[in-house]
Amino acid sequence: MIIYDTKQRKKVSFTPEKDNTVRMYTCGPTIYNFAHIGNLRTFVFEDLLRRTIKFLGMKVHHVMNLTDIDDKTIKGATQKGISLDEFTKVFEKAFFDDLDTLKCEKAEEYPKATEFIKEMIAMIEKLIEKDVAYLTESKDVFFRIKSFKRYGELSHLKLDELEDGKSARVDSDEYDKESACDFVLWKAYDPKRDGEIYWDSPFGKGRPGWHIECSCMSMHFLGDTFDLHTGGVDNIFPHHENERAQSESCSGKPFTRHWMHAEHLLVEGKKMSKSLNNFYTLRDLLDKGYSGREVRALFLSSQYRVQLNFTLDGLLAIRKMLQRLDSFVDRLNESKGSKVLDLLAFEEEFTKALEDDLNTPKSFAALFDMVRFVNAQMDEDEIDASGVIELLKKFDKVFGFIFEREKQEIAEEILKAAKARFMARQEKDYTKADAMRELIERAGYIVEDTKEKCVVRRKESYAND
Ligand code: AMP
Ligand code: ZN
């Protein structure tokens with residue numbers, strides 16, 4: 001498998017270090033709000049990655065944290081006057097619901113920062129012992145970035161080009177490259193800011209910084225050095241740069257062997273923001289009548305390393321694509337012939353595309369090349385469709401949208417009318433057949449006649465056709 005490694009800034013050959021098992025860590029959601037579709041694009045990329053790893057014959061141990069302690073969760077909970085757990089659990093549940101809707105597989109572990117305070121304190125103590133971290137008068141602990149010679153290697157930031165940062169410090173969880181300076185490992189308790197939320201530690205009451213959380217949880221589950229660390233491009237700096245500095249300073253070993261980052265999602269060509277009224281959660285799209293299956297297929301239709309310009313028109317185009325696929329599957333299910341087709345070339349095309357840094361547009365092309373080929377064969381002959389269905393199932397181990405047709409509740413009377421239409425057509429009673437069609441269409445369904453039956457589908461799934 002070839003992947004693009006962010007630190008090396010090039011495509012490299014990738015294999016796990018041991019046991020044919022990829023040990024992979026993903027920065028999960030900050031559970032202070034509902035995830036937006038940009039966040040979800042990144043999580044679908046990580047799902048694609050784990051499914052591809054398995055498709056290519058490797059195993060995976062995937063850890064995704066849930067950030068339940070950071071500036072935003074604490075602010076949310078104190079503003080509402082409720083405990084951190086009460087505040088975050090709503091968004092944690094919503095996050096898992098979103099993953100289900102998007103047909104994402106479960107990671108092997110979902111640790112939360114609140115469950116690892118003891119381990120984080122131990123790690124901070126070790127960093128102080130090694131003199132790469134220091135306690136300030138205000139009882140905060142900071143990491144001294146000048147102590148880590150390789151600081152900046154991941155984000156390609158030259159430390160000697162920075163302003164003299166010796167005394168400059170930053171205690172917020174997120175900041176930009178211009179403010180690269182010593183960053184916070186332990187944040188002293190401030191009753192005005194933190195309400196009742198704090199933990200006791202040898203440095204005083206307070207709470208861990210965001211970066212140490214991921215260093216601690218990734219190394220806890222995957223060891224000092226693991227195979228792959230992923231996130232969105234906005235994680236590269238400062239979060240991942242800081243994770244690397246702390247972890248390598250603590251263990252004296254390389255942290256992750258490779259880094260992969262997904263590009264951002266834009267909406268109608270612009271950054272998603274509430275003020276531009278282009279901010280979508282998955283719920284917003286479901287309310288508009290789109291499905292998780294459609295959103296997933298849209299995300300996968302572009303390669304993870306290019307920005308994805310999300311538009312509702314794009315989603316409608318995906319809807320049509322999935323309808324073509326559904327009709328194809330229906331046709332296969334009706335095909336009762338014995339002609340066996342050679343599909344090896346399509347499987348190879350599909351596998352090669354994924355092996356090449358998850359080139360999903362090319363893997364879509366492999367799927368639709370196959371659909372075109374098989375349709376052309378079926379136009380000529382009845383075929384034995386079992387091999388085609390097997391191959392679709394293989395593709396779907398990665399795609400996760402082929403056989404996920406939404407169950408459409410169709411009213412009993414419509415099913416009856418469809419049967420009546422089919423019978424009427426058999427009997428060449430076209431007046432009755434037309435009347436049944438009208439009845440079905442007036443109720444919001446569309447009609448498709450095949451040799452064996454009359455198929456009805458709900459009309460809204462053909463919106464804007
Ligand atoms: P957060 O909950 O803010 O920690 O973000 C969760 C994940 O979403 C991280 O991997 C971010 O890098 C990623 N992310 C944030 N904004 C976007 C966006 N507009 N497009 C794609 N991924 C994003
Ligand atoms: Zn992280």
# chains A, B, ... in the order shown; residues from 1 in each chain; ligands from 1
>>> select_by_dssp(residues="range 76-255 of chain A", states="alpha helix (DSSP H)", output="PyMOL selection string")
chain A and resi 76-80+84-101+117-129+191-194+210-222+241-251
>>> select_by_dssp(residues="range 246-341 of chain A", states="strand (DSSP E)", output="ChimeraX atom specification")
/A:256-262,265-267,308-310
>>> write_last_selection(atoms="all heavy atoms", output="mmCIF file, in the first residue's frame")
data_model
loop_
_atom_site.group_PDB
_atom_site.id
_atom_site.type_symbol
_atom_site.label_atom_id
_atom_site.label_comp_id
_atom_site.auth_asym_id
_atom_site.auth_seq_id
_atom_site.Cartn_x
_atom_site.Cartn_y
_atom_site.Cartn_z
ATOM 1 N N THR A 256 4.878 8.202 16.049
ATOM 2 C CA THR A 256 4.214 7.376 15.045
ATOM 3 C C THR A 256 5.136 7.238 13.836
ATOM 4 O O THR A 256 5.925 8.142 13.548
ATOM 5 C CB THR A 256 2.860 7.983 14.644
ATOM 6 O OG1 THR A 256 2.236 7.150 13.677
ATOM 7 C CG2 THR A 256 3.013 9.371 14.067
ATOM 8 N N ARG A 257 5.044 6.136 13.119
ATOM 9 C CA ARG A 257 5.917 5.935 11.949
ATOM 10 C C ARG A 257 5.438 6.769 10.760
ATOM 11 O O ARG A 257 6.225 7.177 9.918
ATOM 12 C CB ARG A 257 5.965 4.453 11.585
ATOM 13 C CG ARG A 257 6.628 3.618 12.685
ATOM 14 C CD ARG A 257 6.447 2.134 12.452
ATOM 15 N NE ARG A 257 7.031 1.695 11.207
ATOM 16 C CZ ARG A 257 6.375 0.977 10.288
ATOM 17 N NH1 ARG A 257 5.126 0.619 10.487
ATOM 18 N NH2 ARG A 257 6.967 0.629 9.169
ATOM 19 N N HIS A 258 4.128 6.983 10.691
ATOM 20 C CA HIS A 258 3.569 7.752 9.568
ATOM 21 C C HIS A 258 2.420 8.628 10.025
ATOM 22 O O HIS A 258 1.712 8.296 10.983
ATOM 23 C CB HIS A 258 3.041 6.806 8.480
ATOM 24 C CG HIS A 258 4.101 5.939 7.900
ATOM 25 N ND1 HIS A 258 5.019 6.399 6.974
ATOM 26 C CD2 HIS A 258 4.407 4.637 8.121
ATOM 27 C CE1 HIS A 258 5.838 5.413 6.655
ATOM 28 N NE2 HIS A 258 5.492 4.344 7.342
ATOM 29 N N TRP A 259 2.228 9.717 9.284
ATOM 30 C CA TRP A 259 1.101 10.633 9.538
ATOM 31 C C TRP A 259 0.270 10.753 8.262
ATOM 32 O O TRP A 259 0.835 10.889 7.171
ATOM 33 C CB TRP A 259 1.620 12.038 9.853
ATOM 34 C CG TRP A 259 2.423 12.179 11.105
ATOM 35 C CD1 TRP A 259 3.783 12.059 11.225
ATOM 36 C CD2 TRP A 259 1.926 12.511 12.409
ATOM 37 N NE1 TRP A 259 4.152 12.292 12.530
ATOM 38 C CE2 TRP A 259 3.044 12.580 13.272
ATOM 39 C CE3 TRP A 259 0.644 12.770 12.927
ATOM 40 C CZ2 TRP A 259 2.916 12.891 14.631
ATOM 41 C CZ3 TRP A 259 0.524 13.087 14.277
ATOM 42 C CH2 TRP A 259 1.652 13.136 15.115
ATOM 43 N N MET A 260 -1.029 10.722 8.417
ATOM 44 C CA MET A 260 -1.908 10.987 7.259
ATOM 45 C C MET A 260 -2.965 12.014 7.670
ATOM 46 O O MET A 260 -3.533 11.908 8.760
ATOM 47 C CB MET A 260 -2.625 9.711 6.808
ATOM 48 C CG MET A 260 -1.740 8.744 6.049
ATOM 49 S SD MET A 260 -2.624 7.196 5.718
ATOM 50 C CE MET A 260 -3.425 7.590 4.171
ATOM 51 N N HIS A 261 -3.223 12.959 6.783
ATOM 52 C CA HIS A 261 -4.194 14.022 7.096
ATOM 53 C C HIS A 261 -5.175 14.231 5.952
ATOM 54 O O HIS A 261 -4.775 14.290 4.784
ATOM 55 C CB HIS A 261 -3.459 15.333 7.392
ATOM 56 C CG HIS A 261 -2.674 15.271 8.663
ATOM 57 N ND1 HIS A 261 -1.342 14.965 8.692
ATOM 58 C CD2 HIS A 261 -3.067 15.437 9.951
ATOM 59 C CE1 HIS A 261 -0.924 14.956 9.960
ATOM 60 N NE2 HIS A 261 -1.946 15.237 10.740
ATOM 61 N N ALA A 262 -6.435 14.362 6.316
ATOM 62 C CA ALA A 262 -7.477 14.578 5.305
ATOM 63 C C ALA A 262 -7.684 16.073 5.099
ATOM 64 O O ALA A 262 -7.655 16.855 6.057
ATOM 65 C CB ALA A 262 -8.786 13.949 5.770
ATOM 66 N N LEU A 265 -13.328 20.074 4.056
ATOM 67 C CA LEU A 265 -14.539 20.152 3.256
ATOM 68 C C LEU A 265 -14.948 21.623 3.203
ATOM 69 O O LEU A 265 -14.904 22.324 4.218
ATOM 70 C CB LEU A 265 -15.622 19.313 3.943
ATOM 71 C CG LEU A 265 -17.025 19.358 3.377
ATOM 72 C CD1 LEU A 265 -17.626 17.959 3.439
ATOM 73 C CD2 LEU A 265 -17.925 20.283 4.179
ATOM 74 N N LEU A 266 -15.287 22.074 2.013
ATOM 75 C CA LEU A 266 -15.818 23.427 1.847
ATOM 76 C C LEU A 266 -17.286 23.291 1.468
ATOM 77 O O LEU A 266 -17.694 22.260 0.932
ATOM 78 C CB LEU A 266 -15.093 24.167 0.732
ATOM 79 C CG LEU A 266 -13.585 24.304 0.855
ATOM 80 C CD1 LEU A 266 -13.022 25.004 -0.383
ATOM 81 C CD2 LEU A 266 -13.217 25.094 2.103
ATOM 82 N N VAL A 267 -18.067 24.326 1.710
ATOM 83 C CA VAL A 267 -19.466 24.261 1.293
ATOM 84 C C VAL A 267 -19.687 25.341 0.238
ATOM 85 O O VAL A 267 -19.392 26.510 0.476
ATOM 86 C CB VAL A 267 -20.416 24.464 2.492
ATOM 87 C CG1 VAL A 267 -21.857 24.514 2.027
ATOM 88 C CG2 VAL A 267 -20.247 23.319 3.485
ATOM 89 N N LEU A 308 -12.854 18.968 -0.587
ATOM 90 C CA LEU A 308 -14.128 18.519 -1.154
ATOM 91 C C LEU A 308 -15.087 19.698 -1.111
ATOM 92 O O LEU A 308 -15.347 20.258 -0.041
ATOM 93 C CB LEU A 308 -14.687 17.348 -0.331
ATOM 94 C CG LEU A 308 -16.136 16.952 -0.618
ATOM 95 C CD1 LEU A 308 -16.288 16.455 -2.049
ATOM 96 C CD2 LEU A 308 -16.608 15.866 0.334
ATOM 97 N N ASN A 309 -15.559 20.088 -2.282
ATOM 98 C CA ASN A 309 -16.529 21.176 -2.318
ATOM 99 C C ASN A 309 -17.940 20.587 -2.228
ATOM 100 O O ASN A 309 -18.454 20.047 -3.189
ATOM 101 C CB ASN A 309 -16.341 21.993 -3.597
ATOM 102 C CG ASN A 309 -17.219 23.226 -3.592
ATOM 103 O OD1 ASN A 309 -17.595 23.723 -2.518
ATOM 104 N ND2 ASN A 309 -17.576 23.705 -4.755
ATOM 105 N N PHE A 310 -18.525 20.702 -1.067
ATOM 106 C CA PHE A 310 -19.835 20.096 -0.829
ATOM 107 C C PHE A 310 -20.937 20.992 -1.385
ATOM 108 O O PHE A 310 -20.983 22.179 -1.092
ATOM 109 C CB PHE A 310 -20.035 19.920 0.689
ATOM 110 C CG PHE A 310 -21.399 19.394 1.039
ATOM 111 C CD1 PHE A 310 -21.627 18.038 1.114
ATOM 112 C CD2 PHE A 310 -22.452 20.261 1.266
ATOM 113 C CE1 PHE A 310 -22.887 17.550 1.416
ATOM 114 C CE2 PHE A 310 -23.713 19.789 1.565
ATOM 115 C CZ PHE A 310 -23.932 18.427 1.642
#
>>> residues_around(residues="range 326-329 of chain A", least_positions_apart="5", cutoff="8 Å", atoms="only C-alpha atoms", output="count of residues only")
5
>>> residues_near_ligand(ligand="ligand 2", cutoff="8 Å", atoms="only C-alpha atoms and all ligand atoms", output="compact mmCIF listing (two decimals) with C-alpha atoms, in the first residue's frame")
# COMPACT_ATOMS: atom_id res chain seq x y z
CA THR A 26 -7.13 9.00 15.18
CA CYS A 27 -7.90 12.31 16.83
CA GLY A 28 -11.59 11.99 17.51
CA ASN A 65 -10.20 9.33 21.38
CA THR A 67 -11.95 14.88 23.55
CA TRP A 210 -5.54 19.04 24.81
CA HIS A 211 -2.26 17.88 23.26
CA GLU A 213 -4.39 13.85 26.08
CA CYS A 214 -3.72 12.34 22.67
CA SER A 215 -0.04 11.58 23.41
CA GLY A 231 -6.55 13.57 11.53
CA ASN A 235 -4.60 19.10 13.32
CA HIS A 239 -1.83 19.67 17.82
CA HIS A 240 0.18 16.97 16.11
CA GLU A 243 1.91 15.55 20.44
>>> atom_distance(atom1="atom 17 (C, counted along the ligand's line) of ligand 1", atom2="CA of Lys271 in chain A")
9.2 Å
>>> residues_around(residues="Thr360 in chain A", least_positions_apart="5", cutoff="9 Å", atoms="only C-alpha atoms", output="VMD selection string")
chain A and resid 300 to 304 350 353 to 354 365
>>> closest_atom_pairs(of="range 90-195 of chain A", to="range 272-291 of chain A", cutoff="10 Å", atoms="only C-alpha atoms", output="tab-separated table")
residue	atom	partner	partner_atom	distance
A:Ala94	CA	A:Arg283	CA	9.6
A:Phe95	CA	A:Leu282	CA	10.0
A:Asp97	CA	A:Leu282	CA	10.0
A:Asp98	CA	A:Leu282	CA	7.0
A:Leu99	CA	A:Leu282	CA	10.0
A:Thr101	CA	A:Ser291	CA	7.9
A:Leu102	CA	A:Ser291	CA	8.5
>>> residues_around(residues="Ile128 in chain A", least_positions_apart="2", cutoff="12 Å", atoms="only C-alpha atoms", output="PDB file with N, CA, C and O atoms, in the first residue's frame")
ATOM      1  N   ILE A 121      -0.989  12.885  34.208  1.00  0.00           N
ATOM      2  CA  ILE A 121      -0.176  13.530  35.250  1.00  0.00           C
ATOM      3  C   ILE A 121       1.194  12.853  35.308  1.00  0.00           C
ATOM      4  O   ILE A 121       2.233  13.533  35.374  1.00  0.00           O
ATOM      5  N   ALA A 122       1.214  11.524  35.234  1.00  0.00           N
ATOM      6  CA  ALA A 122       2.498  10.799  35.285  1.00  0.00           C
ATOM      7  C   ALA A 122       3.392  11.222  34.111  1.00  0.00           C
ATOM      8  O   ALA A 122       4.600  11.415  34.272  1.00  0.00           O
ATOM      9  N   MET A 123       2.789  11.404  32.963  1.00  0.00           N
ATOM     10  CA  MET A 123       3.572  11.784  31.786  1.00  0.00           C
ATOM     11  C   MET A 123       4.134  13.204  31.951  1.00  0.00           C
ATOM     12  O   MET A 123       5.295  13.469  31.613  1.00  0.00           O
ATOM     13  N   ILE A 124       3.320  14.080  32.504  1.00  0.00           N
ATOM     14  CA  ILE A 124       3.789  15.462  32.716  1.00  0.00           C
ATOM     15  C   ILE A 124       4.936  15.471  33.743  1.00  0.00           C
ATOM     16  O   ILE A 124       5.942  16.172  33.565  1.00  0.00           O
ATOM     17  N   GLU A 125       4.789  14.660  34.779  1.00  0.00           N
ATOM     18  CA  GLU A 125       5.867  14.594  35.787  1.00  0.00           C
ATOM     19  C   GLU A 125       7.173  14.137  35.145  1.00  0.00           C
ATOM     20  O   GLU A 125       8.244  14.656  35.443  1.00  0.00           O
ATOM     21  N   LYS A 126       7.058  13.172  34.264  1.00  0.00           N
ATOM     22  CA  LYS A 126       8.256  12.658  33.580  1.00  0.00           C
ATOM     23  C   LYS A 126       8.883  13.760  32.721  1.00  0.00           C
ATOM     24  O   LYS A 126      10.106  13.908  32.676  1.00  0.00           O
ATOM     25  N   LYS A 130      12.607  15.406  33.122  1.00  0.00           N
ATOM     26  CA  LYS A 130      13.568  15.469  32.017  1.00  0.00           C
ATOM     27  C   LYS A 130      13.923  16.910  31.660  1.00  0.00           C
ATOM     28  O   LYS A 130      14.652  17.147  30.695  1.00  0.00           O
ATOM     29  N   ASP A 131      13.347  17.836  32.374  1.00  0.00           N
ATOM     30  CA  ASP A 131      13.629  19.259  32.187  1.00  0.00           C
ATOM     31  C   ASP A 131      13.206  19.794  30.805  1.00  0.00           C
ATOM     32  O   ASP A 131      13.799  20.732  30.276  1.00  0.00           O
ATOM     33  N   VAL A 132      12.214  19.173  30.231  1.00  0.00           N
ATOM     34  CA  VAL A 132      11.692  19.718  28.973  1.00  0.00           C
ATOM     35  C   VAL A 132      10.354  20.420  29.235  1.00  0.00           C
ATOM     36  O   VAL A 132       9.775  21.037  28.342  1.00  0.00           O
ATOM     37  N   ALA A 133       9.880  20.290  30.486  1.00  0.00           N
ATOM     38  CA  ALA A 133       8.650  20.995  30.872  1.00  0.00           C
ATOM     39  C   ALA A 133       8.924  21.722  32.182  1.00  0.00           C
ATOM     40  O   ALA A 133       9.820  21.331  32.930  1.00  0.00           O
ATOM     41  N   TYR A 134       8.184  22.782  32.444  1.00  0.00           N
ATOM     42  CA  TYR A 134       8.421  23.549  33.667  1.00  0.00           C
ATOM     43  C   TYR A 134       7.118  24.084  34.246  1.00  0.00           C
ATOM     44  O   TYR A 134       6.154  24.329  33.526  1.00  0.00           O
ATOM     45  N   LEU A 135       7.147  24.218  35.574  1.00  0.00           N
ATOM     46  CA  LEU A 135       5.994  24.722  36.308  1.00  0.00           C
ATOM     47  C   LEU A 135       6.163  26.229  36.473  1.00  0.00           C
ATOM     48  O   LEU A 135       7.242  26.697  36.837  1.00  0.00           O
ATOM     49  N   THR A 136       5.129  26.990  36.216  1.00  0.00           N
ATOM     50  CA  THR A 136       5.237  28.451  36.361  1.00  0.00           C
ATOM     51  C   THR A 136       4.690  28.869  37.724  1.00  0.00           C
ATOM     52  O   THR A 136       4.092  28.065  38.437  1.00  0.00           O
ATOM     53  N   ASP A 140       0.809  26.623  36.240  1.00  0.00           N
ATOM     54  CA  ASP A 140       0.585  25.950  34.959  1.00  0.00           C
ATOM     55  C   ASP A 140       1.872  25.193  34.635  1.00  0.00           C
ATOM     56  O   ASP A 140       2.951  25.581  35.078  1.00  0.00           O
ATOM     57  N   VAL A 141       1.761  24.140  33.848  1.00  0.00           N
ATOM     58  CA  VAL A 141       2.976  23.470  33.368  1.00  0.00           C
ATOM     59  C   VAL A 141       3.048  23.661  31.853  1.00  0.00           C
ATOM     60  O   VAL A 141       2.056  23.457  31.147  1.00  0.00           O
ATOM     61  N   PHE A 142       4.235  24.055  31.383  1.00  0.00           N
ATOM     62  CA  PHE A 142       4.432  24.271  29.944  1.00  0.00           C
ATOM     63  C   PHE A 142       5.510  23.353  29.386  1.00  0.00           C
ATOM     64  O   PHE A 142       6.432  22.967  30.101  1.00  0.00           O
ATOM     65  N   PHE A 143       5.389  23.046  28.116  1.00  0.00           N
ATOM     66  CA  PHE A 143       6.433  22.299  27.415  1.00  0.00           C
ATOM     67  C   PHE A 143       7.361  23.315  26.747  1.00  0.00           C
ATOM     68  O   PHE A 143       6.897  24.243  26.073  1.00  0.00           O
ATOM     69  N   ARG A 144       8.662  23.087  26.901  1.00  0.00           N
ATOM     70  CA  ARG A 144       9.639  24.032  26.336  1.00  0.00           C
ATOM     71  C   ARG A 144       9.987  23.579  24.917  1.00  0.00           C
ATOM     72  O   ARG A 144      10.721  22.603  24.735  1.00  0.00           O
ATOM     73  N   SER A 147      13.495  22.787  23.643  1.00  0.00           N
ATOM     74  CA  SER A 147      14.193  21.593  24.130  1.00  0.00           C
ATOM     75  C   SER A 147      14.072  20.437  23.135  1.00  0.00           C
ATOM     76  O   SER A 147      14.783  19.450  23.233  1.00  0.00           O
ATOM     77  N   LEU A 185       0.755  22.052  29.232  1.00  0.00           N
ATOM     78  CA  LEU A 185       0.521  20.626  29.502  1.00  0.00           C
ATOM     79  C   LEU A 185      -0.513  20.473  30.607  1.00  0.00           C
ATOM     80  O   LEU A 185      -1.320  19.550  30.598  1.00  0.00           O
ATOM     81  N   TRP A 186      -0.429  21.368  31.574  1.00  0.00           N
ATOM     82  CA  TRP A 186      -1.380  21.347  32.689  1.00  0.00           C
ATOM     83  C   TRP A 186      -1.820  22.786  32.938  1.00  0.00           C
ATOM     84  O   TRP A 186      -0.988  23.671  33.080  1.00  0.00           O
ATOM     85  N   PRO A 202      -0.079  16.881  41.483  1.00  0.00           N
ATOM     86  CA  PRO A 202       1.088  17.389  42.234  1.00  0.00           C
ATOM     87  C   PRO A 202       1.401  18.845  41.892  1.00  0.00           C
ATOM     88  O   PRO A 202       2.103  19.523  42.638  1.00  0.00           O
ATOM     89  N   PHE A 203       0.888  19.327  40.774  1.00  0.00           N
ATOM     90  CA  PHE A 203       1.164  20.740  40.394  1.00  0.00           C
ATOM     91  C   PHE A 203       0.079  21.662  40.916  1.00  0.00           C
ATOM     92  O   PHE A 203       0.128  22.865  40.720  1.00  0.00           O
ATOM     93  N   GLN A 246       6.043  16.086  22.728  1.00  0.00           N
ATOM     94  CA  GLN A 246       5.881  15.536  24.093  1.00  0.00           C
ATOM     95  C   GLN A 246       6.199  14.062  24.134  1.00  0.00           C
ATOM     96  O   GLN A 246       6.862  13.572  25.033  1.00  0.00           O
ATOM     97  N   SER A 249       9.879  13.213  23.492  1.00  0.00           N
ATOM     98  CA  SER A 249      10.697  13.666  24.618  1.00  0.00           C
ATOM     99  C   SER A 249      10.519  12.716  25.789  1.00  0.00           C
ATOM    100  O   SER A 249      11.455  12.452  26.546  1.00  0.00           O
ATOM    101  N   CYS A 250       9.313  12.203  25.950  1.00  0.00           N
ATOM    102  CA  CYS A 250       9.013  11.342  27.085  1.00  0.00           C
ATOM    103  C   CYS A 250       9.611   9.951  26.902  1.00  0.00           C
ATOM    104  O   CYS A 250      10.272   9.427  27.788  1.00  0.00           O
TER     105      CYS A 250
END
>>> atom_distance(atom1="CA of Cys181 in chain A", atom2="CA of Leu157 in chain A")
11.9 Å
>>> residues_around(residues="Gln8 in chain A", least_positions_apart="4", cutoff="10 Å", atoms="only C-alpha atoms", output="PyMOL selection string")
chain A and resi 4+12+153-154+156+258-259
>>> write_last_selection(atoms="all heavy atoms", output="PDB file, in the first residue's frame")
ATOM      1  N   TYR A   4       0.376   8.813   1.391  1.00  0.00           N
ATOM      2  CA  TYR A   4       1.084  10.096   1.424  1.00  0.00           C
ATOM      3  C   TYR A   4       1.376  10.415   2.887  1.00  0.00           C
ATOM      4  O   TYR A   4       0.458  10.560   3.688  1.00  0.00           O
ATOM      5  CB  TYR A   4       0.235  11.191   0.797  1.00  0.00           C
ATOM      6  CG  TYR A   4       0.965  12.523   0.764  1.00  0.00           C
ATOM      7  CD1 TYR A   4       1.805  12.847  -0.302  1.00  0.00           C
ATOM      8  CD2 TYR A   4       0.835  13.437   1.814  1.00  0.00           C
ATOM      9  CE1 TYR A   4       2.501  14.044  -0.323  1.00  0.00           C
ATOM     10  CE2 TYR A   4       1.528  14.647   1.794  1.00  0.00           C
ATOM     11  CZ  TYR A   4       2.360  14.942   0.724  1.00  0.00           C
ATOM     12  OH  TYR A   4       3.050  16.126   0.707  1.00  0.00           O
ATOM     13  N   VAL A  12       4.796   7.197   0.228  1.00  0.00           N
ATOM     14  CA  VAL A  12       5.754   6.179   0.683  1.00  0.00           C
ATOM     15  C   VAL A  12       5.049   4.827   0.729  1.00  0.00           C
ATOM     16  O   VAL A  12       3.824   4.756   0.823  1.00  0.00           O
ATOM     17  CB  VAL A  12       6.317   6.504   2.093  1.00  0.00           C
ATOM     18  CG1 VAL A  12       7.111   7.794   2.087  1.00  0.00           C
ATOM     19  CG2 VAL A  12       5.190   6.567   3.138  1.00  0.00           C
ATOM     20  N   GLU A 153       9.281  19.776  12.496  1.00  0.00           N
ATOM     21  CA  GLU A 153       9.531  18.876  11.360  1.00  0.00           C
ATOM     22  C   GLU A 153       8.255  18.398  10.681  1.00  0.00           C
ATOM     23  O   GLU A 153       8.199  18.228   9.473  1.00  0.00           O
ATOM     24  CB  GLU A 153      10.297  17.629  11.837  1.00  0.00           C
ATOM     25  CG  GLU A 153      11.789  17.800  11.846  1.00  0.00           C
ATOM     26  CD  GLU A 153      12.500  16.524  12.286  1.00  0.00           C
ATOM     27  OE1 GLU A 153      11.869  15.462  12.478  1.00  0.00           O
ATOM     28  OE2 GLU A 153      13.728  16.609  12.448  1.00  0.00           O
ATOM     29  N   LEU A 154       7.227  18.177  11.483  1.00  0.00           N
ATOM     30  CA  LEU A 154       5.981  17.662  10.905  1.00  0.00           C
ATOM     31  C   LEU A 154       5.265  18.737  10.089  1.00  0.00           C
ATOM     32  O   LEU A 154       4.848  18.505   8.961  1.00  0.00           O
ATOM     33  CB  LEU A 154       5.065  17.149  12.036  1.00  0.00           C
ATOM     34  CG  LEU A 154       3.654  16.765  11.623  1.00  0.00           C
ATOM     35  CD1 LEU A 154       3.668  15.591  10.644  1.00  0.00           C
ATOM     36  CD2 LEU A 154       2.807  16.406  12.843  1.00  0.00           C
ATOM     37  N   HIS A 156       6.632  21.448   9.040  1.00  0.00           N
ATOM     38  CA  HIS A 156       7.607  22.135   8.195  1.00  0.00           C
ATOM     39  C   HIS A 156       7.741  23.599   8.594  1.00  0.00           C
ATOM     40  O   HIS A 156       7.650  24.511   7.784  1.00  0.00           O
ATOM     41  CB  HIS A 156       7.269  21.954   6.710  1.00  0.00           C
ATOM     42  CG  HIS A 156       7.239  20.508   6.342  1.00  0.00           C
ATOM     43  ND1 HIS A 156       8.332  19.837   5.868  1.00  0.00           N
ATOM     44  CD2 HIS A 156       6.270  19.595   6.461  1.00  0.00           C
ATOM     45  CE1 HIS A 156       8.028  18.556   5.697  1.00  0.00           C
ATOM     46  NE2 HIS A 156       6.776  18.390   6.060  1.00  0.00           N
ATOM     47  N   HIS A 258       4.128   6.983  10.691  1.00  0.00           N
ATOM     48  CA  HIS A 258       3.569   7.752   9.568  1.00  0.00           C
ATOM     49  C   HIS A 258       2.420   8.628  10.025  1.00  0.00           C
ATOM     50  O   HIS A 258       1.712   8.296  10.983  1.00  0.00           O
ATOM     51  CB  HIS A 258       3.041   6.806   8.480  1.00  0.00           C
ATOM     52  CG  HIS A 258       4.101   5.939   7.900  1.00  0.00           C
ATOM     53  ND1 HIS A 258       5.019   6.399   6.974  1.00  0.00           N
ATOM     54  CD2 HIS A 258       4.407   4.637   8.121  1.00  0.00           C
ATOM     55  CE1 HIS A 258       5.838   5.413   6.655  1.00  0.00           C
ATOM     56  NE2 HIS A 258       5.492   4.344   7.342  1.00  0.00           N
ATOM     57  N   TRP A 259       2.228   9.717   9.284  1.00  0.00           N
ATOM     58  CA  TRP A 259       1.101  10.633   9.538  1.00  0.00           C
ATOM     59  C   TRP A 259       0.270  10.753   8.262  1.00  0.00           C
ATOM     60  O   TRP A 259       0.835  10.889   7.171  1.00  0.00           O
ATOM     61  CB  TRP A 259       1.620  12.038   9.853  1.00  0.00           C
ATOM     62  CG  TRP A 259       2.423  12.179  11.105  1.00  0.00           C
ATOM     63  CD1 TRP A 259       3.783  12.059  11.225  1.00  0.00           C
ATOM     64  CD2 TRP A 259       1.926  12.511  12.409  1.00  0.00           C
ATOM     65  NE1 TRP A 259       4.152  12.292  12.530  1.00  0.00           N
ATOM     66  CE2 TRP A 259       3.044  12.580  13.272  1.00  0.00           C
ATOM     67  CE3 TRP A 259       0.644  12.770  12.927  1.00  0.00           C
ATOM     68  CZ2 TRP A 259       2.916  12.891  14.631  1.00  0.00           C
ATOM     69  CZ3 TRP A 259       0.524  13.087  14.277  1.00  0.00           C
ATOM     70  CH2 TRP A 259       1.652  13.136  15.115  1.00  0.00           C
TER      71      TRP A 259
END
>>> closest_residue(among="A:Val340, A:Ile117, A:Glu355, A:Ser138", to="Ser13 in chain A", atoms="only C-alpha atoms")
A:Glu355
>>> residues_around(residues="Val63 in chain A", least_positions_apart="3", cutoff="7 Å", atoms="only C-alpha atoms", output="list of chain:residue names")
A:Met24, A:Tyr25, A:Thr26, A:Ala107, A:Glu108, A:Glu109, A:Tyr110
>>> closest_residue(among="A:Asp227, A:Asp100, A:Asp5, A:Glu92", to="ligand 1", atoms="only C-alpha atoms and all ligand atoms")
A:Glu92
>>> atom_distance(atom1="CA of Val90 in chain A", atom2="CA of Thr73 in chain A")
11.8 Å
>>> closest_residue(among="A:Lys270, A:Arg169, A:Lys93, A:Arg324", to="ligand 1", atoms="only C-alpha atoms and all ligand atoms")
A:Lys270
>>> closest_residue(among="A:Ser335, A:Thr230, A:Asn20, A:Gln79", to="ligand 1", atoms="only C-alpha atoms and all ligand atoms")
A:Thr230
